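Structure below is model-v5.cif: mmCIF, C-alpha atoms.
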```cif
data_final
loop_
_atom_site.label_atom_id
_atom_site.label_comp_id
_atom_site.auth_asym_id
_atom_site.auth_seq_id
_atom_site.Cartn_x
_atom_site.Cartn_y
_atom_site.Cartn_z
CA GLY U 1 1.97 15.55 -48.14
CA GLN U 2 1.61 18.81 -46.31
CA ASN U 3 3.38 22.13 -46.82
CA ILE U 4 2.99 24.58 -43.99
CA ASP U 5 4.40 28.08 -44.13
CA GLN U 6 4.63 30.58 -41.30
CA PRO U 7 7.02 33.44 -40.60
CA THR U 8 10.06 32.37 -38.64
CA GLU U 9 10.11 35.28 -36.24
CA MET U 10 8.04 38.31 -35.31
CA THR U 11 8.52 41.07 -32.79
CA ALA U 12 5.91 43.30 -31.20
CA THR U 13 5.47 45.73 -28.36
CA GLU U 14 3.68 45.02 -25.12
CA GLY U 15 0.04 46.09 -25.40
CA ALA U 16 0.00 45.89 -29.19
CA ILE U 17 -1.81 43.51 -31.56
CA VAL U 18 0.01 40.96 -33.69
CA GLN U 19 -1.22 38.63 -36.44
CA ILE U 20 0.64 35.41 -37.20
CA ASN U 21 -0.17 34.00 -40.61
CA CYS U 22 -0.09 30.40 -41.75
CA THR U 23 -0.60 29.00 -45.21
CA TYR U 24 -0.85 25.33 -45.90
CA GLN U 25 -1.26 22.81 -48.65
CA THR U 26 -2.55 19.47 -47.46
CA SER U 27 -4.29 16.42 -48.81
CA GLY U 28 -7.49 15.81 -46.93
CA PHE U 29 -7.71 18.94 -44.78
CA ASN U 30 -10.04 18.65 -41.82
CA GLY U 31 -9.38 21.53 -39.47
CA LEU U 32 -6.43 23.45 -38.10
CA PHE U 33 -4.91 23.76 -34.65
CA TRP U 34 -2.83 26.52 -33.13
CA TYR U 35 -0.53 25.72 -30.23
CA GLN U 36 1.67 27.91 -28.07
CA GLN U 37 5.08 26.65 -26.99
CA HIS U 38 7.33 28.41 -24.51
CA ALA U 39 11.02 27.66 -24.74
CA GLY U 40 11.84 24.28 -23.25
CA GLU U 41 8.21 23.43 -22.61
CA ALA U 42 5.56 21.31 -24.31
CA PRO U 43 3.07 22.84 -26.76
CA THR U 44 -0.24 23.91 -25.23
CA PHE U 45 -3.53 24.11 -27.10
CA LEU U 46 -4.85 27.51 -28.18
CA SER U 47 -7.53 26.95 -30.81
CA TYR U 48 -9.07 24.62 -33.35
CA ASN U 49 -10.85 25.86 -36.49
CA VAL U 50 -12.93 23.65 -38.74
CA LEU U 51 -15.26 26.14 -40.42
CA ASP U 52 -14.33 29.33 -42.22
CA GLY U 53 -14.35 32.45 -40.13
CA LEU U 54 -13.04 33.97 -36.97
CA GLU U 55 -13.19 32.33 -33.57
CA GLU U 56 -12.48 34.52 -30.59
CA LYS U 57 -11.26 33.32 -27.24
CA GLY U 58 -10.25 36.09 -24.89
CA ARG U 59 -7.15 37.89 -26.12
CA PHE U 60 -6.57 35.26 -28.79
CA SER U 61 -8.54 34.79 -32.00
CA SER U 62 -8.02 32.41 -34.88
CA PHE U 63 -9.23 32.71 -38.45
CA LEU U 64 -9.56 30.10 -41.16
CA SER U 65 -10.19 30.22 -44.90
CA ARG U 66 -10.36 26.69 -46.23
CA SER U 67 -10.60 27.75 -49.87
CA LYS U 68 -7.43 29.82 -49.57
CA GLY U 69 -5.50 27.38 -47.40
CA TYR U 70 -4.92 30.20 -44.95
CA SER U 71 -5.20 30.78 -41.25
CA TYR U 72 -4.06 33.41 -38.81
CA LEU U 73 -3.73 33.76 -35.08
CA LEU U 74 -4.46 37.20 -33.68
CA LEU U 75 -3.07 38.18 -30.30
CA LYS U 76 -4.41 41.34 -28.66
CA GLU U 77 -3.14 43.37 -25.72
CA LEU U 78 0.19 41.61 -25.89
CA GLN U 79 1.90 40.70 -22.65
CA MET U 80 5.51 39.78 -22.05
CA LYS U 81 4.43 36.24 -21.25
CA ASP U 82 3.13 35.87 -24.81
CA SER U 83 6.74 35.60 -25.98
CA ALA U 84 6.75 32.05 -27.31
CA SER U 85 6.65 29.97 -30.45
CA TYR U 86 3.26 29.60 -32.13
CA LEU U 87 2.67 26.40 -34.06
CA CYS U 88 0.19 26.08 -36.91
CA GLY U 89 -1.06 22.51 -37.28
CA PRO U 90 -3.39 21.40 -40.08
CA ARG U 91 -5.29 18.25 -39.33
CA VAL U 92 -5.51 15.69 -42.09
CA SER U 93 -8.43 13.27 -42.31
CA GLY U 94 -8.56 9.97 -44.11
CA GLY U 95 -8.96 7.19 -41.60
CA SER U 96 -6.37 8.33 -39.12
CA TYR U 97 -5.65 11.59 -37.45
CA ILE U 98 -2.10 12.67 -38.17
CA PRO U 99 -1.55 16.25 -37.10
CA THR U 100 1.42 17.96 -38.66
CA PHE U 101 3.03 21.20 -37.62
CA GLY U 102 4.87 24.01 -39.27
CA ARG U 103 8.22 25.11 -37.88
CA GLY U 104 6.45 27.67 -35.75
CA THR U 105 6.68 31.42 -35.43
CA SER U 106 8.85 32.77 -32.65
CA LEU U 107 7.14 35.84 -31.20
CA ILE U 108 9.20 38.26 -29.14
CA VAL U 109 7.27 40.80 -27.10
CA HIS U 110 9.32 43.71 -25.83
CA PRO U 111 8.42 46.51 -23.41
CA ASP J 1 -1.51 15.21 -11.70
CA THR J 2 -3.82 14.20 -14.53
CA GLY J 3 -1.69 15.35 -17.44
CA VAL J 4 0.57 13.47 -19.82
CA SER J 5 3.81 12.48 -18.15
CA GLN J 6 7.12 11.42 -19.66
CA ASP J 7 10.16 9.82 -18.17
CA PRO J 8 12.99 10.62 -18.07
CA ARG J 9 12.89 14.35 -18.64
CA HIS J 10 16.52 14.37 -19.72
CA LYS J 11 18.77 11.66 -21.06
CA ILE J 12 22.43 11.90 -21.94
CA THR J 13 23.93 8.91 -23.67
CA LYS J 14 26.94 7.94 -25.71
CA ARG J 15 26.72 7.23 -29.38
CA GLY J 16 25.87 3.61 -30.05
CA GLN J 17 23.91 3.05 -26.86
CA ASN J 18 20.21 2.14 -26.76
CA VAL J 19 17.72 4.39 -24.98
CA THR J 20 14.09 3.93 -24.02
CA PHE J 21 11.59 6.62 -23.11
CA ARG J 22 8.26 6.20 -21.41
CA CYS J 23 5.00 8.09 -21.84
CA ASP J 24 1.96 7.85 -19.59
CA PRO J 25 -1.06 9.43 -21.30
CA ILE J 26 -4.11 10.95 -19.68
CA SER J 27 -5.98 7.93 -18.39
CA GLU J 28 -9.11 8.09 -20.55
CA HIS J 29 -7.22 8.89 -23.74
CA ASN J 30 -7.06 5.98 -26.16
CA ARG J 31 -4.85 7.68 -28.76
CA LEU J 32 -1.18 8.29 -28.15
CA TYR J 33 1.32 10.06 -30.40
CA TRP J 34 5.09 10.39 -30.49
CA TYR J 35 6.85 13.39 -32.00
CA ARG J 36 10.42 14.55 -32.32
CA GLN J 37 11.30 18.21 -32.13
CA THR J 38 14.64 19.76 -32.95
CA LEU J 39 15.68 23.32 -32.19
CA GLY J 40 13.80 25.87 -34.24
CA GLN J 41 11.44 23.34 -35.76
CA GLY J 42 7.91 22.26 -35.04
CA PRO J 43 7.09 18.79 -33.72
CA GLU J 44 7.70 16.08 -36.32
CA PHE J 45 5.22 13.20 -36.20
CA LEU J 46 6.76 9.76 -35.65
CA THR J 47 4.03 7.26 -34.84
CA TYR J 48 0.71 6.81 -33.10
CA PHE J 49 -1.41 4.24 -31.30
CA GLN J 50 -5.09 3.70 -30.87
CA ASN J 51 -5.31 1.63 -27.73
CA GLU J 52 -2.57 -0.99 -28.16
CA ALA J 53 -2.63 -0.95 -31.97
CA GLN J 54 0.11 0.99 -33.73
CA LEU J 55 -1.80 2.47 -36.64
CA GLU J 56 0.92 4.52 -38.28
CA LYS J 57 4.62 3.83 -38.12
CA SER J 58 5.86 4.64 -41.57
CA ARG J 59 7.23 7.95 -40.34
CA LEU J 60 9.53 6.47 -37.78
CA LEU J 61 12.87 7.88 -38.78
CA SER J 62 14.69 4.60 -39.31
CA ASP J 63 14.55 0.96 -38.27
CA ARG J 64 16.51 1.95 -35.17
CA PHE J 65 13.30 3.53 -33.85
CA SER J 66 10.49 1.43 -32.42
CA ALA J 67 7.51 2.05 -30.18
CA GLU J 68 5.16 -0.10 -28.16
CA ARG J 69 1.99 0.29 -26.19
CA PRO J 70 1.44 -3.25 -24.94
CA LYS J 71 -1.61 -2.77 -22.77
CA GLY J 72 -3.09 0.29 -24.36
CA SER J 73 -1.99 2.52 -21.51
CA PHE J 74 1.63 3.70 -21.28
CA SER J 75 3.92 3.63 -24.29
CA THR J 76 7.67 3.32 -24.81
CA LEU J 77 9.86 4.67 -27.58
CA GLU J 78 13.19 2.96 -28.10
CA ILE J 79 16.13 4.16 -30.13
CA GLN J 80 18.81 1.60 -30.81
CA ARG J 81 22.42 2.41 -31.62
CA THR J 82 21.92 6.11 -31.03
CA GLU J 83 23.59 8.64 -33.28
CA GLN J 84 24.40 12.29 -32.61
CA GLY J 85 21.64 13.28 -35.03
CA ASP J 86 19.11 11.68 -32.69
CA SER J 87 19.66 14.48 -30.19
CA ALA J 88 16.29 16.19 -29.89
CA MET J 89 13.23 16.62 -27.72
CA TYR J 90 10.89 13.64 -27.88
CA LEU J 91 7.29 14.60 -27.19
CA CYS J 92 4.36 12.39 -26.39
CA ALA J 93 0.75 13.50 -26.77
CA SER J 94 -2.60 11.88 -26.12
CA ARG J 95 -6.24 12.48 -26.92
CA THR J 96 -9.60 10.76 -27.00
CA SER J 97 -11.06 9.59 -30.29
CA GLY J 98 -13.57 12.44 -30.55
CA VAL J 99 -13.48 14.22 -33.89
CA ALA J 100 -12.38 17.58 -32.58
CA ASP J 101 -10.67 16.49 -29.42
CA THR J 102 -7.46 18.22 -28.56
CA GLN J 103 -4.06 16.65 -28.25
CA TYR J 104 -2.41 17.20 -24.91
CA PHE J 105 1.35 17.11 -24.90
CA GLY J 106 3.66 15.83 -22.23
CA PRO J 107 6.71 17.78 -21.05
CA GLY J 108 9.03 15.83 -23.34
CA THR J 109 12.27 13.92 -22.96
CA ARG J 110 15.36 15.78 -24.06
CA LEU J 111 17.93 13.40 -25.51
CA THR J 112 21.57 14.36 -25.91
CA VAL J 113 23.82 11.91 -27.74
CA LEU J 114 27.52 12.53 -27.16
#
```
Mind converting the file's structure to structure tokens?
Amino acid sequence: GQNIDQPTEMTATEGAIVQINCTYQTSGFNGLFWYQQHAGEAPTFLSYNVLDGLEEKGRFSSFLSRSKGYSYLLLKELQMKDSASYLCGPRVSGGSYIPTFGRGTSLIVHP
Amino acid sequence: DTGVSQDPRHKITKRGQNVTFRCDPISEHNRLYWYRQTLGQGPEFLTYFQNEAQLEKSRLLSDRFSAERPKGSFSTLEIQRTEQGDSAMYLCASRTSGVADTQYFGPGTRLTVL
């Protein structure tokens, strides 16, 4: 089974930096996705980490430590439109791809 | 529009009725997934197909839930004898079979059972 833990809610100020942490315990880990989901909309892809380390993509970066079962999503220069839920999704291997998601972290960006 | 589409976007039904939702994946995607999402939770995996084969269905919530993908293109999810607890957003996603290929989600069908 998979246990995925992320903070339920975070708040931050426009222009600031925020880090959303995710810890997981899975059987057969094979990479981790981060998705963004605005209220009432479908999740949209942000990043996918397979190897340890930091991957940067514009204002968003994602970090993975496989040995620690830990990942984080770093959002820089926050904008109001970044207010959304951020879903951590470990990918489990073993013959079939079954992505599972945590409950998500609701990020509120205020002026 | 080349994204994943779902129909209907909203469905209101009375308890005990059957409902069916449709998902049309991105055309070259051979893998298709169904999820359920309730308020404040992440998407909960239900089932998935590779082409027309349903490779995982043990996580369907009960025997009232069934899914098909008869020709390996669009898929349907049916809920029989709906209950109020079935009220949720039902999401469909698709991807190719590449190792690191991304899932693309559809807009979802919001089900309300009265």
Which distance in Å separates atom CA of J:Arg22 and atom CA of J:Gly85, to one decimal?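 Computed distance, atom CA of J:Arg22 to atom CA of J:Gly85, equals 20.4 Å.
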Going by the chain IDs and residue numbers used in this file, which residues fall under the PyMOL selection byres ((chain J) within 12 of (chain U))? Write them as JSON, numbers by chain. {"J": [3, 4, 5, 6, 9, 10, 31, 32, 33, 34, 35, 36, 37, 38, 39, 40, 41, 42, 43, 44, 45, 46, 47, 48, 49, 50, 54, 55, 56, 57, 58, 59, 88, 89, 90, 91, 92, 93, 94, 95, 96, 97, 98, 99, 100, 101, 102, 103, 104, 105, 106, 107, 108, 109, 110]}
Which residue, J:Leu60, J:Ala53, J:Ile26, J:Leu114, has the smallest gap to J:Ile79 when you use all atoms listed in the file?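 Result for the nearest residue to J:Ile79: J:Leu60.
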Once you count all atoms listed in the file, which residues end up no further than 12 Å from (-8.3, 38.1, -25.6) in the file's frame, shown as a PyMOL selection string? chain U and resi 15-18+46+55-62+73-79+82
Atomic separation - atom CA of U:His110 relative to atom CA of U:Ser71, Å: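 Distance between the two atoms: 24.8 Å.
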Pull out every residue that the PyMOL selection byres ((chain J and resi 69) around 8) matches in the shown coordinates and put them as a short mmCIF file (atom, residue, chain, number, x, y, z; two decimals) with C-alpha atoms, in the coordinates of the input.
```
data_model
loop_
_atom_site.label_atom_id
_atom_site.label_comp_id
_atom_site.auth_asym_id
_atom_site.auth_seq_id
_atom_site.Cartn_x
_atom_site.Cartn_y
_atom_site.Cartn_z
CA PHE J 49 -1.41 4.24 -31.30
CA ASN J 51 -5.31 1.63 -27.73
CA GLU J 52 -2.57 -0.99 -28.16
CA ALA J 53 -2.63 -0.95 -31.97
CA GLN J 54 0.11 0.99 -33.73
CA ALA J 67 7.51 2.05 -30.18
CA GLU J 68 5.16 -0.10 -28.16
CA PRO J 70 1.44 -3.25 -24.94
CA LYS J 71 -1.61 -2.77 -22.77
CA GLY J 72 -3.09 0.29 -24.36
CA SER J 73 -1.99 2.52 -21.51
CA PHE J 74 1.63 3.70 -21.28
CA SER J 75 3.92 3.63 -24.29
CA THR J 76 7.67 3.32 -24.81
#
```
In Å to one decimal, how far is atom CA of J:Glu83 from atom CA of J:Pro8?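 Computing it gives 18.6 Å between the two atoms.
Closest approach to U:Lys68 from the set U:Gln19, U:Gln25, U:Asn3, U:Thr11 is made by U:Gln25, with distances taken over all atoms listed in the file.
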Give me the result of the PyMOL selection byres ((chain U and resi 5) around 6) on this file, residue by residue, as a ChimeraX atom specification. /U:4,6,22-23
List as a list in words the protein and nucleic acid residues near U:Phe63, meaning an atom at most 6 Å away when all atoms listed in the file are counted, but skip any in the same chain fewer than 2 places from it.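 So, after excluding close chain neighbours, the residues are Gly53, Leu54, Ser71 and Tyr72 of chain U.
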